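Q: My questions will all concern the structure given below.
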Amino acid sequence: MRRLLGEAPLADWAAWAASWNDLAVDEYMADGGRYRRRRYAALEARPGRIERLAHQPHFQSLDYNRLNGGVERWFEPITPQVCDLPLTRAILDASLDVFGAVAGQDAGFPWRTEMHQFRIEARAGEAGRPTPEGAHRDGVDWVLVMLAARENVAAGVTDIFDPAGGALGSFTLLEPLDAVFIDDHRVFHGVTAIEPVDPTRPAYRDVLVVTFRRGDP
């Protein structure tokens, strides 16, 4: 990711990562959990041009999110300061390059793009669940998941499955900038619950998730 982004945008890293300290509690957790904080933005993206759309709800059908799908979820917006940082734009541009190369002539720009800041918190006696819906697809074309911070937590292993449920591999995002690029048509993904290493200290996992869906023909 450092190579893809270049060094100049990473000058924003401190301010960008600190923005995860200002996320709102996710009020739509059907399991009653209070372990997830997030902000959200919808965009329209094509190489060289990214436009933020009017703030709107996030929606997933129950086919893709058995736990929290089927309702419009109005999350607090990602702040303009974060959206407009050169680092944020560099992450989006790098993702468009990677996924655009896969799409080739079928790219169909502009793409519907949704950006999520997630903080999953873990406490003594209460694990934090990055993917409480279990192994899933997001119902888009491609997904970027990039680690912003990982503090005082164990586990949080990313598992990848084929559509029939067969395990394809697993890995753990451990260091800031560790990332995974996912073809949402080909694989399912999930992340195991996190637990605090030291229960007397704050424990959390911060990630940026960006989804991309081709435009209508």
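How things are named: the first chain in the structure tokens is A, the next is B, and so on; residues count from 1 in each chain; ligands count from 1 in the order shown.
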Using only C-alpha atoms, which residues sit within 9 Å of Ala155 (chain A) once same-chain residues fewer than 4 positions away are excluded, as a list of chain:residue names?
A: A:Thr172, A:Val191, A:Thr192, A:Ala193, A:Ile194, A:Glu195
Q: Check region 117-216 of chain A with DSSP on the backbone and list each residue it calls strand (DSSP E), as a PyMOL selection string.
A: chain A and resi 117-122+142-151+153-155+157-161+167-172+179-183+188-191+194-196+203-213
Q: Which distance in Å separates CA of Asn65 (chain A) and CA of Thr88 (chain A), to one decimal?
A: 26.5 Å
Q: Between A:Arg119, A:Arg3, A:Arg150, A:His58, single out the one closest to Thr211 (chain A), counting only C-alpha atoms.
A: A:His58
Q: Check which residues of region 122-176 of chain A sit at most 12 Å from region 96-102 of chain A using only C-alpha atoms, and return one row each with the closest pair of atoms and their distance in Å to one decimal, ordered by chain and rising number, as CSV.
A:
residue,atom,partner,partner_atom,distance
A:Asp141,CA,A:Phe99,CA,9.0
A:Trp142,CA,A:Phe99,CA,7.0
A:Val143,CA,A:Phe99,CA,9.0
A:Leu144,CA,A:Phe99,CA,9.6
Q: Out of region 27-197 of chain A, which residues get alpha helix (DSSP H) from DSSP, as a list in words?
A: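 Of region 27-197 of chain A, the ones in alpha helix (DSSP H) are Pro80, Gln81, Val82, Cys83, Pro86, Leu87, Thr88, Arg89, Ala90, Ile91, Leu92, Asp93, Ala94, Ser95, Leu96, Asp97, Val98, Phe99, Gly100, Ala101, Val102 and Ala103 of chain A.
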Q: With only C-alpha atoms as the atoms that count, which of A:Val153, A:Ile50, A:Ala135, A:Ile182 lies nearest to Tyr64 (chain A)?
A: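 For Tyr64 (chain A), the nearest of the given residues is A:Ala135.
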Q: Pick out the residues sitting within 6 Å of region 67-81 of chain A, and hand them over as a PyMOL selection string; count only C-alpha atoms, and ignore anything fewer than 6 positions along from it in its own chain.
A: chain A and resi 30+39-41+57-61+133
Q: Please compute the CA of Trp13 (chain A)-CA of Thr113 (chain A) distance, one decimal, in Å.
A: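 Going from CA of Trp13 (chain A) over to CA of Thr113 (chain A) covers 21.9 Å.
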Q: Quick one: which region 12-46 of chain A residues come within 10 Å of region 203-210 of chain A, and what is the nearest atom pair for each with the distance in Å to one decimal, counting only C-alpha atoms, rows ordered by chain and ascending number, as CSV?
A:
residue,atom,partner,partner_atom,distance
A:Ala17,CA,A:Asp206,CA,8.6
A:Trp20,CA,A:Asp206,CA,7.0
A:Asn21,CA,A:Asp206,CA,9.5
A:Tyr35,CA,A:Tyr204,CA,9.2
A:Arg36,CA,A:Tyr204,CA,9.5
A:Arg37,CA,A:Asp206,CA,9.4
A:Arg38,CA,A:Asp206,CA,9.6
A:Arg39,CA,A:Leu208,CA,9.9
A:Tyr40,CA,A:Val209,CA,9.7
A:Ala41,CA,A:Val210,CA,9.5
A:Ala42,CA,A:Val210,CA,9.7
Q: Check the smallest atom-to-atom distance from each of A:Arg201, A:His136, A:Ala90, A:Trp16 to Gly48 (chain A) using only C-alpha atoms, then report the winner.
A: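 Closest to Gly48 (chain A) of all the choices is A:Ala90.
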Q: Check the smallest atom-to-atom distance from each of A:Phe181, A:Phe109, A:Phe171, A:Phe212 to Met146 (chain A) using only C-alpha atoms, then report the winner.
A: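 Going through A:Phe181, A:Phe109, A:Phe171, A:Phe212 one by one, the smallest distance to Met146 (chain A) is for A:Phe181.
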